[in-house]
Amino acid sequence: MNEASILQSLFDGIDAVLVVFSTFFAIVSGYVTGFYFFLARAPLLLKSVAFSILSIGLVFLGGTVTVIQKLQEGLFAAWGYLERPILPLHDLRNLVPGLHVAGFTQQEIGVGIGWTVVVAAVYLALFYLTFLYRWPDEAPRGKHLV
């Protein structure tokens with residue numbers, strides 16, 4: 001592979017990650033909308049089914065991200081074999097000079113924080129809202145206070 005094709009493949013990988021992240025937010029938004037309209041007052045069995053479907057969707061997205069990440073790692077390895085790249089591999093993975101954290105690249109830290117913290121926080125919040133939070137019996141939906 002030459003430098004141009006590796007760089008284009010890296011951009012394609014970034015596009016794929018953005019699509020997966022957008023899909024994640026679409027799934028979560030649909031779940032939250034379901035809360036607003038009916039799931040908050042649904043029986044436990046329906047809540048369990050809905051949360052299971054959400055979990056399956058998130059596991060599928062996680063698997064997709066894992067594949068994308070492995071492909072990107074291969075592209076980074078190929079970049080490292082280029083004779084004279086426009087940007088050294090170290091600089092490509094560490095955009096902020098002088099910031100070194102426990103042997104990880106800034107790119108690895110960003111991916112780890114981005115997926116682990118966001119997905120874990122959202123998943124735990126939705127679990128709490130689904131099974132532990134006590135929703136009011138009747139919320140004033142669509143009524144405007146004047």
# chains A, B, ... in the order shown; residues from 1 in each chain; ligands from 1
>>> closest_atom_pairs(of="stretch 50-107 of chain A", to="stretch 120-125 of chain A", cutoff="10 Å", atoms="only C-alpha atoms", output="CSV")
residue,atom,partner,partner_atom,distance
A:Phe51,CA,A:Tyr123,CA,9.7
A:Leu54,CA,A:Tyr123,CA,9.1
A:Ser55,CA,A:Tyr123,CA,8.4
A:Leu58,CA,A:Tyr123,CA,8.9
>>> residues_around(residues="stretch 30-36 of chain A", least_positions_apart="2", cutoff="12 Å", atoms="only C-alpha atoms", output="PyMOL selection string")
chain A and resi 23-28+38-42+46-47+49-55+57-58+122-123+125-127+129-131+133+135-136+138-142
>>> closest_atom_pairs(of="stretch 113-133 of chain A", to="stretch 64-77 of chain A", cutoff="12 Å", atoms="only C-alpha atoms", output="JSON lines")
{"residue": "A:Gly114", "atom": "CA", "partner": "A:Val65", "partner_atom": "CA", "distance": 11.8}
{"residue": "A:Trp115", "atom": "CA", "partner": "A:Val65", "partner_atom": "CA", "distance": 9.2}
{"residue": "A:Thr116", "atom": "CA", "partner": "A:Val65", "partner_atom": "CA", "distance": 11.7}
>>> residues_around(residues="stretch 83-94 of chain A", least_positions_apart="2", cutoff="10 Å", atoms="only C-alpha atoms", output="ChimeraX atom specification")
/A:2-4,76-81,96-100,104-109
>>> write_last_selection(atoms="C-alpha atoms", output="JSON list (two decimals), in the first residue's frame")
[["chain", "number", "residue", "atom", "x", "y", "z"],
["A", 2, "ASN", "CA", 1.20, 3.47, -0.70],
["A", 3, "GLU", "CA", 0.81, 6.49, 1.55],
["A", 4, "ALA", "CA", -2.21, 7.88, -0.28],
["A", 76, "PHE", "CA", -1.25, 2.28, 11.47],
["A", 77, "ALA", "CA", 1.17, -0.65, 11.25],
["A", 78, "ALA", "CA", 1.32, -0.25, 7.45],
["A", 79, "TRP", "CA", 1.92, 3.50, 7.92],
["A", 80, "GLY", "CA", 4.90, 2.63, 10.13],
["A", 81, "TYR", "CA", 6.54, 0.76, 7.23],
["A", 96, "VAL", "CA", -0.52, 17.09, 21.18],
["A", 97, "PRO", "CA", 3.27, 17.34, 21.59],
["A", 98, "GLY", "CA", 4.72, 16.47, 24.98],
["A", 99, "LEU", "CA", 1.63, 14.72, 26.35],
["A", 100, "HIS", "CA", 2.63, 11.17, 27.32],
["A", 104, "PHE", "CA", -0.55, 4.80, 25.58],
["A", 105, "THR", "CA", -0.88, 6.93, 22.49],
["A", 106, "GLN", "CA", -3.25, 9.87, 22.57],
["A", 107, "GLN", "CA", -5.29, 8.14, 19.88],
["A", 108, "GLU", "CA", -5.68, 5.03, 22.07],
["A", 109, "ILE", "CA", -6.64, 7.15, 25.07]]
>>> select_by_dssp(residues="chain A", states="helix (DSSP H, G or I)", output="VMD selection string")
chain A and resid 3 to 37 39 to 41 44 to 80 89 to 93 106 to 132
>>> atom_distance(atom1="atom CA of A:Leu10", atom2="atom CA of A:Leu95")
15.3 Å
>>> atom_distance(atom1="atom CA of A:Gly62", atom2="atom CA of A:Gly103")
24.4 Å
>>> atom_distance(atom1="atom CA of A:Phe21", atom2="atom CA of A:Leu61")
8.5 Å
>>> closest_residue(among="A:Val20, A:Leu45, A:Leu132, A:Leu82", to="A:Phe60", atoms="only C-alpha atoms")
A:Val20
